[in-house]
Structures are given as C-alpha cells and as structure tokens.
Amino acid sequence: MVQSPIIAVFGLVCIWIWMQSTHGEYLIGVGSYDMTGPAADVNMMGYANTEQNTAGIHFRLRARTFIVAENLQGPRFVFVNLDAGMASQLLTIKLLERLKSRFGNLYTEENVAISGTHTHAGPGGYLQYIVYSVTSLGFVKQSFDAIANAVEQSIIQANNNLKPGSIFINTGDVKEASINRSPSAYLLNPAEERSRYPSNVDTQMTFLKFVDGASGKSKGSFSWFATHGTSMSKNNKLISGDNKGVAARLFEDWFTSQNKSSSPNTNSTEPDIGELVKKARSIKATGGKDCNQQTSQASKVRKNDGSLFVGAFCQSNVGDVSPNVLGAFCIDSGKPCDFNHSSCNGNDLLCVGRGPGYPDEILSTKIIGERQFRSAVELFGSASEELTGKIDYRHVYLNFTDIEVELDSNKVVKTCPAALGPAFAAGTTDGPGVFGFQQGDAEISPFWKSVRDFLKKPSQYQVDCQNPKPVLLSSGEMFDPYPWAPAILPIQILRLGKLIILSVPGEFTTMAGRRLREAVKETLISNSDGEFNNETHVVIAGLTNTYSQYIATFEEYYQQRYEAASTLYGPHTLSAYIQEFNKLAQAMAKGDKINEKGSSPPDLLSVQISLLLGPFGDPTPNGTKFGDINEDIAFPESGYFTKGDKPSATFWSANPRYDLLTEGTFASVERLQGERWIPTHDDDDLSLLFKWKVDNSSFHGFATIEWEIPKDAISGIYRLKHFGASKNSIASPIDYFTGASSAFAVQ
C-alpha cells in the first residue's frame, strides 16, 4: 500500500510536535548487561601474575552504555563502560562488525567509544597483541565472547530505550580515594606548572545525570574520576569490578531503594528467635537436584528487563594514581619504601601499597568504592546545570611508531616503535613485579640482556629513539608469530554540548592528562567563533577503544619509573598525542571533516594462539551428586547468626566454565516467607562470595558460598543455594544442577 504524501507529512509533524512538547534537549538511552567471564582457571588481566587465575566471584562484571542523539536522524554517539582492565582493539573491531550487521552505518568507529574501568580482577585473554596475552596462555575465546556479547546487548538495550530527555552535568572532589604512586617522578615536572594545582593527583569527578523527559525520573548516570582498579591485590583470585565496580553496585542499589514504593509493614514485631531456630533446625540440606539453564536466572535479585537504572563509574588519567591511600611500606620492616625506587633495600617485591582497609583487600575495595559512591550521590542530588548544544565527534587512526612531532618552529622529533624498559618488570607499589628490577633502573643486567636478545635484540635506531629508556623488550620490533604490541592506535573526541570527552587508548599520568586537556580546550576556543569558551569542560576517558599502556610527561620519562618505562613510543609520546588531538579539536571547532582517516589496525583473530585447555568433564564420587553438601553450615553455640556473622557452606560442584550463567548466578541467599523461599542476595552482591576450587589429589570440584550478613538483613530463616552446570565428558551435553544448605536463623 502506498501512503499519500499528505498522510506522511502529517505523521512527521505529529512526531515533531510530540518531541517538542516533551521536555528534553536530546534523545537518551541507557543499557547494561552481564559480562562476567570464566570464574575458574583463566589468568586475570592487569598484574601479569601467572599464578593469579580466576577461582570464584566477588561480584559480577557489567558493560554499561549510554547513547545520546540530537534527534532520530541527527548525530549521535555511544559510550560503553566495561568492568574490565581496558578496551581491546580486537573487541572494538568485532563489535563494530556486529553493529554494522544490525544497525547499518548508524554506529561506526567514529561515534562508538568503549572504555575500561581498569579493574585488575577480570578474566584476561581478550586482547590481540602478544604482550597482553602471555600470562593468559594466549587468546581465551570464552573471555572475549562474554565481553563482546555484553557490549552488544547493552548497546541494543540503550538503542531500544532512546527517548527524549535531559542531561545534567556536575563536578566535585572525591576525597581520600587516590594518591600518586610515583611522586618522585611527578616532582620532575616544572615547579611553575605544579604550582597551578593543589595536589599531585586529580581529585575532580565529572558527573552526568540522565533524566527521562516524559516522567522526569532519572534513568542513569556516568562519571569520570581517576584512581587505579588495584584495591584488589595481585594475590586475589575472585572476579571483581574492584573499587569502581563497587561504586556502581552501591549507586544502582541506592537509586533503586530511593525509588521503591515501600509497602506497609504488617508485622512490626521482632520474631521470636527461639521459634526461628526450632523451625530452621527442621529444614535440612536439599541435596543436588537437576534444573535448567533458566533456574539461576529466576533466582537473580536484579532482573535485567531493560528498565534498571544504570550507574557507571568510568576511568580517567589514571597512570600514576593509586587507591592504596595509606601509602607504600616494606612488608619486612613496616617502614616506608625508598622514595625514588619504591623498593626495600633494593628489593621491589617487598614494597607494597596499603589500602584504607589494610590488611583486608575486600574491605579496602569497598571503602574506596564507597568514597566514589558518596561523592556521586552528592553530585546527583545537586546537579542543576543542563547540557545543551551540539553532539559531534571526530576520530582518526594513527601509526604511533613513526609520528613526526613539531616541538617548535625549529625542532622536529619522532615517536618510536613500542618498547618497554626494565622498570616495567619491577611493577608498581600496587603490584610488585619481578625480583631483580627496580623502578628508576637505568641499566639492565647481563643476564636479562641475554634473555632480551634471545627474544629480539633491539635495533640501534630503537635504542637511540627510546633513550634514556633502556630497552628491555623491543615489542614494537617483534612480529612472530604475530605482533607483540600495537602500532596503529585510534584517538577520538566526543562532544556533548559543553562537555568534551577525549577517548585515549592508554593510561595518562596526572600531569600528562592535565596538559592534554588544557591543550585541547585552548585549541577549541582559539579556533571557534565563541562556540567554545572557558566554560567548555574537557574530560579524559582512559583505556578507550584499544590499549597501549602508559603516557608519561617528557620530564617524568627521564626518571624511568614504571609509568615511564611503560610509555611505549618514546619520550615524545605525550607531545604526539597533544599534536594529533589538537588537529581533531581544530577540525571540530571549525566544523571540518577529517579527510585522512588513517590505516585501520589489523584484525588478528585468525592468527591467535590459544593454549589454555578447557575442562574435560568433572567426576563425583559414587553416591554423590553435584549440588550435594560437602560441608554444611557450622552453627554458633547460640544456634543462630547475627548481623556481621559469616555463615558458609561448601557444595560438590563442577567447573564454572561449562556455563557462565550470564544474567544468572552461581550462588544465592534465600529467606523463607511462608512456605516459599525468596532470593534476597546473589553473586552480584558485595556481601556474598562464590569461591571455586578443585582438589589437587581427587580432582573433584567444590564451591563455597560465604555470606556476610548485612546490617539491614531482616530477622528470619535463611539458606545458601548453589547453581551450576556440569559435563560428564568433553563430548557429553551440559547438565544443570542446584542444591541448598540446611536452613539457619538470623536475628
């Protein structure tokens, strides 16, 4: 049937009138999806510790997305925040392919930004360059797929939720959530420059609040603040979103609690604890039972139906910023570490940073997360400045191994092929590296030189170009069996009214980030006719679209602490970034397009090596089923538990890699209401830990569920429940199981 032109025009007019009558400057959509990867056997991305393999879940990881558009046909962009160590070039490439097949050219490399929170407690194996996949034994498809699927689903959800609305911006300081872990390097920056700032870290949080135009209700928030995702240590084996993941979980739960219609309490009297204990003792463990893939999803406390509030805490110029705010101390003497080298009598392994909950890393993670959460709540409540104006973006690919940089009218320098210095091997106070190295090392021992040369002796050009960095690993000159380090990097500017987001593919130090922000702002102002001014707000989105390690200032580079040794492309890396971002900023200010998009980075999926073996089937002893209790609840003398106690139970279990139970749970706490068991907590709660291990002699698997009873827990009868999937052999189908502990009373 052919519509008449009059009807078509009338329809468009109606849509236009509806959008104008609905309060809101933009179309806004938010989305969120579970991206928790394999909770067993996979090396974590961040510390490069070969012994740090996943063995359970602290709380689940999520991909959180917002989309903003001027109108249905106008410019738009996507920003995705991952509970992951960083973005991945391969992930970006494959995600864009999926988006193209679904949406056509609506979402491309130019207007999609994928950023990582920099947690060091997520499964690795999802990056395509060898340096970043050595400890994970190469590419881990299950890790990659979990993230890629979550990003895609969160974008689909946000796109489907696009509605007129308003965006409010606010800024404020986050107190006691960060310190500079390389203060001696920071002091090498010019005194006049340092004097312009009150601290050697950036304490400002930039906060966006998304409000639905029709209802006036908030639908999401995104914020940027710099602090490392290293509250959880290099010895941790539980999947965790670290402090930023904690902040997100607290904020989303807080918002939900504020907007929940409270039902009247018909039974305000406290139940008799004696009666609770008596009834609980009569309810024994269920034993293992068969179930299906959806059973664990039904026990999920937060059902993801697309209507949930989305609160994301994003990363910024985090390079030299640590959440271990008590400082770094020698674990043998308790004294502060050497100021310049962060070592103890020459031993870098003894110098370790302390979080505010020291020695409890989970407590430290919670405290740093709470400090970001509290700041966000304050900014949420006081956000009154509405963003208006254009949505715009610019993007380009650059070969960072050979950029000519004009320092002034008389001097031109170049960046270098990627290389790492010896201080990279020393690690940081957040996670010490290898014995025999120190931060600030200017020499490489003969032994390590021989190891280096066996892998690849650096060219003389590389040695000269990287000076004063001694080249420990010339990763940019290593291509077997495929490239060890990235050469082509994306840089991107996103504009949302007065807000400018700089998508950077690495970790800028505090001062490096300040210089980049100031340079871009100055370029925008000087090349526009008043469209940009001193009110223009520039924020750095770190670890975005791909990963290329660190960016230190020229002055910091000369001390060769960890951040400088990990500045891949030589002493002029920062100057190259500033030069190239200024070109994008100038084009944006003048309304020009980028004609030279640059060569695309390689897609290395087909050549990835994967050496991690999969589980081949899990046995149980005769007469035992998965989900059966191995160790039941250990009751206190009183016969009941109180707030702060930690009841736990251990179940016969199978490897959690058989099914990730996406948007489900491996563990839950259930409370008896009448004759029904109602889930109150799951493995996305901070109070509930899911731990998995395999017995080294029998090769049987065990899952331990531990619940720290929250202060707001209701007195009653509870039990712990486990969900999982198993295989008898590598060729057999997946079977699903569940089992519950004996009941226990809580007062």
# chains A, B, ... in the order shown; residues from 1 in each chain; ligands from 1
$ select_by_dssp --residues "segment 411-573 of chain A" --states "helix (DSSP H, G or I)" --output "number ranges by chain"
A: 422-426, 446-456, 460-466, 475-477, 510-526, 554-557, 562-565, 573
$ residues_around --residues "segment 64-78 of chain A" --least-positions-apart "2" --cutoff "7 Å" --atoms "only C-alpha atoms" --output "MDAnalysis selection string"
chainID A and resid 26:33 62 80:82 111:113 154:155 158:159 310 312 391:392
$ write_last_selection --atoms "C-alpha atoms" --output "compact mmCIF listing (two decimals), in the first residue's frame"
# COMPACT_ATOMS: atom_id res chain seq x y z
CA TYR A 26 18.43 15.08 23.49
CA LEU A 27 17.40 11.51 22.83
CA ILE A 28 18.92 9.40 25.61
CA GLY A 29 19.20 5.65 26.05
CA VAL A 30 20.99 3.55 28.68
CA GLY A 31 21.74 -0.15 28.84
CA SER A 32 23.55 -2.71 30.97
CA TYR A 33 24.47 -6.36 30.55
CA ARG A 62 28.91 -5.45 33.67
CA VAL A 80 30.37 1.97 26.81
CA ASN A 81 31.98 1.49 30.22
CA LEU A 82 33.37 -2.00 30.85
CA ASN A 111 30.96 7.51 17.14
CA VAL A 112 31.45 4.44 19.35
CA ALA A 113 33.73 4.59 22.39
CA SER A 154 23.98 -3.20 26.31
CA ILE A 155 24.11 -1.09 23.13
CA ALA A 158 20.31 1.55 25.07
CA ASN A 159 19.29 1.99 21.43
CA VAL A 310 22.40 2.38 35.05
CA ALA A 312 28.70 3.82 35.62
CA ILE A 391 26.54 16.43 19.55
CA ASP A 392 29.65 15.90 17.49
$ residues_around --residues "His681 of chain A" --least-positions-apart "5" --cutoff "12 Å" --atoms "only C-alpha atoms" --output "ChimeraX atom specification"
/A:59,299-302,664-671,686-690,705-710,713,718-721
$ closest_residue --among "A:Ser503, A:Thr36, A:Thr642, A:Thr171" --to "Ser316 of chain A" --atoms "only C-alpha atoms"
A:Ser503
$ select_by_dssp --residues "segment 428-597 of chain A" --states "strand (DSSP E)" --output "ChimeraX atom specification"
/A:488-496,499-503,507-508,537-541,550-551
$ write_last_selection --atoms "C-alpha atoms" --output "short mmCIF file (atom, residue, chain, number, x, y, z; two decimals), in the first residue's frame"
data_model
loop_
_atom_site.label_atom_id
_atom_site.label_comp_id
_atom_site.auth_asym_id
_atom_site.auth_seq_id
_atom_site.Cartn_x
_atom_site.Cartn_y
_atom_site.Cartn_z
CA ILE A 488 48.13 1.79 14.91
CA LEU A 489 46.03 3.50 17.57
CA PRO A 490 42.67 5.29 17.48
CA ILE A 491 42.13 8.70 19.05
CA GLN A 492 38.68 10.23 19.34
CA ILE A 493 36.85 13.33 20.54
CA LEU A 494 33.19 13.20 21.54
CA ARG A 495 31.18 16.35 22.12
CA LEU A 496 28.02 16.66 24.20
CA LEU A 499 31.37 18.56 27.53
CA ILE A 500 34.33 17.26 25.52
CA ILE A 501 35.34 13.61 26.06
CA LEU A 502 38.83 12.62 24.92
CA SER A 503 38.98 8.88 24.20
CA GLU A 507 46.90 5.47 30.85
CA PHE A 508 47.92 9.12 31.01
CA HIS A 537 34.68 21.16 30.12
CA VAL A 538 37.20 18.57 28.94
CA VAL A 539 37.43 15.10 30.47
CA ILE A 540 39.73 12.20 29.63
CA ALA A 541 38.24 8.75 29.14
CA TYR A 550 51.16 4.43 29.61
CA ILE A 551 51.76 8.04 28.63
#
$ residues_around --residues "Gly122 of chain A" --least-positions-apart "5" --cutoff "12 Å" --atoms "only C-alpha atoms" --output "PDB file with N, CA and C atoms, in the first residue's frame"
ATOM      1  N   MET A  35      28.734  -9.192  31.911  1.00  0.00           N
ATOM      2  CA  MET A  35      29.888  -9.584  31.102  1.00  0.00           C
ATOM      3  C   MET A  35      30.873 -10.430  31.911  1.00  0.00           C
ATOM      4  N   THR A  36      30.380 -11.064  32.978  1.00  0.00           N
ATOM      5  CA  THR A  36      31.254 -11.881  33.821  1.00  0.00           C
ATOM      6  C   THR A  36      31.790 -13.068  33.030  1.00  0.00           C
ATOM      7  N   GLY A  37      33.094 -13.156  32.937  1.00  0.00           N
ATOM      8  CA  GLY A  37      33.739 -14.226  32.187  1.00  0.00           C
ATOM      9  C   GLY A  37      33.959 -15.472  33.018  1.00  0.00           C
ATOM     10  N   PRO A  38      34.800 -16.382  32.539  1.00  0.00           N
ATOM     11  CA  PRO A  38      35.023 -17.662  33.226  1.00  0.00           C
ATOM     12  C   PRO A  38      35.571 -17.480  34.636  1.00  0.00           C
ATOM     13  N   ALA A  39      34.884 -18.066  35.596  1.00  0.00           N
ATOM     14  CA  ALA A  39      35.223 -17.904  37.015  1.00  0.00           C
ATOM     15  C   ALA A  39      36.157 -18.995  37.520  1.00  0.00           C
ATOM     16  N   ALA A  40      36.872 -19.637  36.610  1.00  0.00           N
ATOM     17  CA  ALA A  40      37.870 -20.634  37.003  1.00  0.00           C
ATOM     18  C   ALA A  40      38.951 -20.717  35.932  1.00  0.00           C
ATOM     19  N   ASP A  41      40.184 -20.866  36.375  1.00  0.00           N
ATOM     20  CA  ASP A  41      41.320 -21.270  35.528  1.00  0.00           C
ATOM     21  C   ASP A  41      41.912 -20.199  34.620  1.00  0.00           C
ATOM     22  N   VAL A  42      41.241 -19.059  34.434  1.00  0.00           N
ATOM     23  CA  VAL A  42      41.698 -18.067  33.467  1.00  0.00           C
ATOM     24  C   VAL A  42      42.507 -16.982  34.176  1.00  0.00           C
ATOM     25  N   ASN A  43      43.679 -16.679  33.634  1.00  0.00           N
ATOM     26  CA  ASN A  43      44.534 -15.665  34.231  1.00  0.00           C
ATOM     27  C   ASN A  43      43.880 -14.291  34.173  1.00  0.00           C
ATOM     28  N   MET A  44      44.026 -13.549  35.249  1.00  0.00           N
ATOM     29  CA  MET A  44      43.418 -12.222  35.312  1.00  0.00           C
ATOM     30  C   MET A  44      44.265 -11.194  34.566  1.00  0.00           C
ATOM     31  N   MET A  45      43.585 -10.206  33.991  1.00  0.00           N
ATOM     32  CA  MET A  45      44.253  -9.171  33.212  1.00  0.00           C
ATOM     33  C   MET A  45      44.602  -7.987  34.099  1.00  0.00           C
ATOM     34  N   GLY A  46      45.897  -7.663  34.175  1.00  0.00           N
ATOM     35  CA  GLY A  46      46.289  -6.482  34.921  1.00  0.00           C
ATOM     36  C   GLY A  46      47.654  -6.588  35.558  1.00  0.00           C
ATOM     37  N   TYR A  47      47.821  -7.552  36.451  1.00  0.00           N
ATOM     38  CA  TYR A  47      49.074  -7.679  37.183  1.00  0.00           C
ATOM     39  C   TYR A  47      50.117  -8.542  36.465  1.00  0.00           C
ATOM     40  N   ALA A  48      49.708  -9.269  35.447  1.00  0.00           N
ATOM     41  CA  ALA A  48      50.605 -10.195  34.738  1.00  0.00           C
ATOM     42  C   ALA A  48      51.231 -11.192  35.708  1.00  0.00           C
ATOM     43  N   GLN A  52      47.780 -15.869  39.239  1.00  0.00           N
ATOM     44  CA  GLN A  52      46.500 -15.240  39.566  1.00  0.00           C
ATOM     45  C   GLN A  52      45.435 -15.672  38.571  1.00  0.00           C
ATOM     46  N   ASN A  53      44.907 -16.875  38.780  1.00  0.00           N
ATOM     47  CA  ASN A  53      43.857 -17.413  37.917  1.00  0.00           C
ATOM     48  C   ASN A  53      42.518 -17.363  38.638  1.00  0.00           C
ATOM     49  N   THR A  54      41.468 -17.093  37.882  1.00  0.00           N
ATOM     50  CA  THR A  54      40.146 -16.934  38.482  1.00  0.00           C
ATOM     51  C   THR A  54      39.731 -18.177  39.260  1.00  0.00           C
ATOM     52  N   ALA A  55      39.076 -17.950  40.401  1.00  0.00           N
ATOM     53  CA  ALA A  55      38.618 -19.053  41.254  1.00  0.00           C
ATOM     54  C   ALA A  55      37.392 -18.620  42.047  1.00  0.00           C
ATOM     55  N   GLY A  56      36.452 -17.967  41.352  1.00  0.00           N
ATOM     56  CA  GLY A  56      35.234 -17.543  42.024  1.00  0.00           C
ATOM     57  C   GLY A  56      34.861 -16.121  41.660  1.00  0.00           C
ATOM     58  N   ILE A  57      33.862 -15.597  42.371  1.00  0.00           N
ATOM     59  CA  ILE A  57      33.312 -14.275  42.060  1.00  0.00           C
ATOM     60  C   ILE A  57      33.126 -13.472  43.337  1.00  0.00           C
ATOM     61  N   HIS A  58      33.712 -12.280  43.362  1.00  0.00           N
ATOM     62  CA  HIS A  58      33.451 -11.289  44.414  1.00  0.00           C
ATOM     63  C   HIS A  58      32.097 -10.639  44.135  1.00  0.00           C
ATOM     64  N   PHE A  59      31.919 -10.086  42.947  1.00  0.00           N
ATOM     65  CA  PHE A  59      30.625  -9.673  42.408  1.00  0.00           C
ATOM     66  C   PHE A  59      30.767  -9.593  40.897  1.00  0.00           C
ATOM     67  N   ARG A  60      29.670  -9.548  40.188  1.00  0.00           N
ATOM     68  CA  ARG A  60      29.685  -9.692  38.734  1.00  0.00           C
ATOM     69  C   ARG A  60      30.161  -8.431  38.013  1.00  0.00           C
ATOM     70  N   LEU A  61      30.659  -8.643  36.806  1.00  0.00           N
ATOM     71  CA  LEU A  61      31.118  -7.562  35.941  1.00  0.00           C
ATOM     72  C   LEU A  61      30.015  -7.194  34.958  1.00  0.00           C
ATOM     73  N   ARG A  62      29.960  -5.887  34.586  1.00  0.00           N
ATOM     74  CA  ARG A  62      28.905  -5.446  33.674  1.00  0.00           C
ATOM     75  C   ARG A  62      29.464  -4.497  32.623  1.00  0.00           C
ATOM     76  N   LEU A  82      33.197  -0.584  30.542  1.00  0.00           N
ATOM     77  CA  LEU A  82      33.366  -2.002  30.851  1.00  0.00           C
ATOM     78  C   LEU A  82      33.995  -2.193  32.224  1.00  0.00           C
ATOM     79  N   ASP A  83      33.454  -3.142  32.995  1.00  0.00           N
ATOM     80  CA  ASP A  83      34.155  -3.622  34.185  1.00  0.00           C
ATOM     81  C   ASP A  83      35.269  -4.556  33.711  1.00  0.00           C
ATOM     82  N   ALA A  84      36.284  -3.971  33.091  1.00  0.00           N
ATOM     83  CA  ALA A  84      37.388  -4.746  32.518  1.00  0.00           C
ATOM     84  C   ALA A  84      38.669  -3.948  32.669  1.00  0.00           C
ATOM     85  N   GLY A  85      39.783  -4.624  32.476  1.00  0.00           N
ATOM     86  CA  GLY A  85      41.062  -3.956  32.617  1.00  0.00           C
ATOM     87  C   GLY A  85      41.225  -2.807  31.658  1.00  0.00           C
ATOM     88  N   MET A  86      40.742  -2.973  30.454  1.00  0.00           N
ATOM     89  CA  MET A  86      40.883  -1.965  29.399  1.00  0.00           C
ATOM     90  C   MET A  86      40.072  -2.395  28.186  1.00  0.00           C
ATOM     91  N   GLY A 116      37.460   1.008  29.521  1.00  0.00           N
ATOM     92  CA  GLY A 116      37.593   0.067  30.626  1.00  0.00           C
ATOM     93  C   GLY A 116      37.798   0.778  31.955  1.00  0.00           C
ATOM     94  N   THR A 117      37.257   0.196  33.035  1.00  0.00           N
ATOM     95  CA  THR A 117      37.433   0.778  34.372  1.00  0.00           C
ATOM     96  C   THR A 117      38.828   0.532  34.923  1.00  0.00           C
ATOM     97  N   SER A 136      47.937 -15.243  30.066  1.00  0.00           N
ATOM     98  CA  SER A 136      46.667 -15.959  29.911  1.00  0.00           C
ATOM     99  C   SER A 136      46.804 -17.155  28.974  1.00  0.00           C
ATOM    100  N   SER A 143      36.411 -15.676  27.395  1.00  0.00           N
ATOM    101  CA  SER A 143      36.553 -14.324  27.954  1.00  0.00           C
ATOM    102  C   SER A 143      36.106 -13.284  26.931  1.00  0.00           C
ATOM    103  N   PHE A 144      36.621 -13.421  25.721  1.00  0.00           N
ATOM    104  CA  PHE A 144      36.310 -12.467  24.656  1.00  0.00           C
ATOM    105  C   PHE A 144      34.815 -12.428  24.375  1.00  0.00           C
ATOM    106  N   ALA A 146      32.265 -13.277  26.225  1.00  0.00           N
ATOM    107  CA  ALA A 146      31.470 -12.735  27.329  1.00  0.00           C
ATOM    108  C   ALA A 146      31.429 -11.217  27.267  1.00  0.00           C
ATOM    109  N   ILE A 147      32.576 -10.598  26.969  1.00  0.00           N
ATOM    110  CA  ILE A 147      32.634  -9.134  26.896  1.00  0.00           C
ATOM    111  C   ILE A 147      31.937  -8.633  25.640  1.00  0.00           C
ATOM    112  N   GLY A 229      42.268   0.575  39.411  1.00  0.00           N
ATOM    113  CA  GLY A 229      41.473  -0.570  39.841  1.00  0.00           C
ATOM    114  C   GLY A 229      42.357  -1.627  40.463  1.00  0.00           C
ATOM    115  N   THR A 230      43.076  -1.229  41.513  1.00  0.00           N
ATOM    116  CA  THR A 230      44.046  -2.128  42.152  1.00  0.00           C
ATOM    117  C   THR A 230      43.847  -2.178  43.657  1.00  0.00           C
ATOM    118  N   MET A 232      41.963  -4.529  44.880  1.00  0.00           N
ATOM    119  CA  MET A 232      42.147  -5.977  44.994  1.00  0.00           C
ATOM    120  C   MET A 232      43.574  -6.290  44.543  1.00  0.00           C
ATOM    121  N   LYS A 234      47.307  -8.459  43.740  1.00  0.00           N
ATOM    122  CA  LYS A 234      47.766  -9.433  42.749  1.00  0.00           C
ATOM    123  C   LYS A 234      47.577 -10.869  43.225  1.00  0.00           C
ATOM    124  N   ASN A 236      44.660 -11.826  44.731  1.00  0.00           N
ATOM    125  CA  ASN A 236      43.230 -12.099  44.673  1.00  0.00           C
ATOM    126  C   ASN A 236      42.890 -13.008  43.492  1.00  0.00           C
ATOM    127  N   LYS A 237      41.922 -13.910  43.688  1.00  0.00           N
ATOM    128  CA  LYS A 237      41.500 -14.804  42.611  1.00  0.00           C
ATOM    129  C   LYS A 237      39.989 -14.758  42.354  1.00  0.00           C
ATOM    130  N   LEU A 238      39.317 -13.798  42.989  1.00  0.00           N
ATOM    131  CA  LEU A 238      37.878 -13.653  42.782  1.00  0.00           C
ATOM    132  C   LEU A 238      37.611 -12.571  41.739  1.00  0.00           C
ATOM    133  N   ILE A 239      36.790 -12.882  40.749  1.00  0.00           N
ATOM    134  CA  ILE A 239      36.395 -11.885  39.755  1.00  0.00           C
ATOM    135  C   ILE A 239      35.737 -10.712  40.475  1.00  0.00           C
ATOM    136  N   SER A 240      36.185  -9.500  40.128  1.00  0.00           N
ATOM    137  CA  SER A 240      35.695  -8.321  40.837  1.00  0.00           C
ATOM    138  C   SER A 240      35.808  -7.093  39.943  1.00  0.00           C
ATOM    139  N   GLY A 241      34.838  -6.206  40.053  1.00  0.00           N
ATOM    140  CA  GLY A 241      34.913  -4.915  39.387  1.00  0.00           C
ATOM    141  C   GLY A 241      35.749  -3.918  40.149  1.00  0.00           C
ATOM    142  N   ASP A 242      36.388  -4.361  41.226  1.00  0.00           N
ATOM    143  CA  ASP A 242      37.245  -3.527  42.064  1.00  0.00           C
ATOM    144  C   ASP A 242      36.471  -2.303  42.545  1.00  0.00           C
ATOM    145  N   GLY A 245      33.665  -0.833  40.327  1.00  0.00           N
ATOM    146  CA  GLY A 245      32.529  -1.745  40.282  1.00  0.00           C
ATOM    147  C   GLY A 245      31.711  -1.685  41.559  1.00  0.00           C
TER     148      GLY A 245
END
$ residues_around --residues "segment 423-432 of chain A" --least-positions-apart "5" --cutoff "8 Å" --atoms "only C-alpha atoms" --output "CSV table (one decimal) with C-alpha atoms, in the first residue's frame"
chain,number,residue,atom,x,y,z
A,47,TYR,CA,49.1,-7.7,37.2
A,181,ARG,CA,52.2,6.3,43.5
A,230,THR,CA,44.0,-2.1,42.2
A,231,SER,CA,42.3,-2.2,45.5
A,233,SER,CA,45.7,-7.3,45.1
A,234,LYS,CA,47.8,-9.4,42.7
A,322,SER,CA,46.7,4.5,43.3
A,324,ASN,CA,46.1,2.4,48.2
A,328,ALA,CA,53.6,2.1,50.4
A,342,SER,CA,59.8,2.1,45.6
A,348,ASP,CA,61.0,-4.3,44.8
A,349,LEU,CA,58.9,-7.3,45.9
A,350,LEU,CA,58.9,-6.1,49.5
A,351,CYS,CA,57.4,-2.6,48.7
A,352,VAL,CA,53.6,-2.9,48.7
A,353,GLY,CA,50.9,-0.2,48.9
A,437,PHE,CA,64.3,-4.9,38.9
A,438,GLN,CA,63.6,-1.5,40.5
A,439,GLN,CA,61.6,1.5,39.3
A,440,GLY,CA,64.1,4.0,38.0
A,441,ASP,CA,66.6,1.4,36.8
A,560,GLN,CA,62.1,5.8,34.2
A,561,ARG,CA,59.7,4.7,36.9
A,562,TYR,CA,57.1,2.2,35.9
A,563,GLU,CA,54.8,4.6,34.1
A,565,ALA,CA,59.2,2.5,31.3
A,566,SER,CA,55.7,1.6,30.0
$ residues_around --residues "Ala576 of chain A" --least-positions-apart "2" --cutoff "8 Å" --atoms "only C-alpha atoms" --output "MDAnalysis selection string"
chainID A and resid 403:405 415 572:574 578:580
$ write_last_selection --atoms "C-alpha atoms" --output "PDB file, in the first residue's frame"
ATOM      1  CA  ILE A 403      54.860  10.289  14.085  1.00  0.00           C
ATOM      2  CA  GLU A 404      56.762  13.479  13.348  1.00  0.00           C
ATOM      3  CA  VAL A 405      56.183  15.916  16.195  1.00  0.00           C
ATOM      4  CA  THR A 415      57.959   8.730  18.116  1.00  0.00           C
ATOM      5  CA  HIS A 572      57.808  12.350  22.825  1.00  0.00           C
ATOM      6  CA  THR A 573      54.689  10.188  23.134  1.00  0.00           C
ATOM      7  CA  LEU A 574      52.713  12.829  25.009  1.00  0.00           C
ATOM      8  CA  ILE A 578      48.730  16.608  22.077  1.00  0.00           C
ATOM      9  CA  GLN A 579      49.629  17.437  18.469  1.00  0.00           C
ATOM     10  CA  GLU A 580      47.204  14.917  16.974  1.00  0.00           C
TER      11      GLU A 580
END
$ atom_distance --atom1 "atom CA of Ala552 of chain A" --atom2 "atom CA of Asn467 of chain A"
14.2 Å
$ atom_distance --atom1 "atom CA of Pro656 of chain A" --atom2 "atom CA of Asn292 of chain A"
14.9 Å
$ residues_around --residues "Leu455 of chain A" --least-positions-apart "4" --cutoff "9 Å" --atoms "only C-alpha atoms" --output "VMD selection string"
chain A and resid 450 to 451 473 478
$ atom_distance --atom1 "atom CA of Tyr658 of chain A" --atom2 "atom CA of Asn630 of chain A"
20.8 Å
$ closest_residue --among "A:Pro481, A:Gly639, A:Pro647, A:Gly311" --to "Ser606 of chain A" --atoms "only C-alpha atoms"
A:Pro481
$ closest_residue --among "A:His120, A:Lys260, A:Lys279, A:Arg354" --to "Leu672 of chain A" --atoms "only C-alpha atoms"
A:Lys279
$ closest_residue --among "A:Ser600, A:Ser475, A:Tyr107, A:Glu270" --to "Ser459 of chain A" --atoms "only C-alpha atoms"
A:Ser475
$ closest_residue --among "A:Glu406, A:Ala185, A:Gln128, A:Val140" --to "Ser610 of chain A" --atoms "only C-alpha atoms"
A:Val140
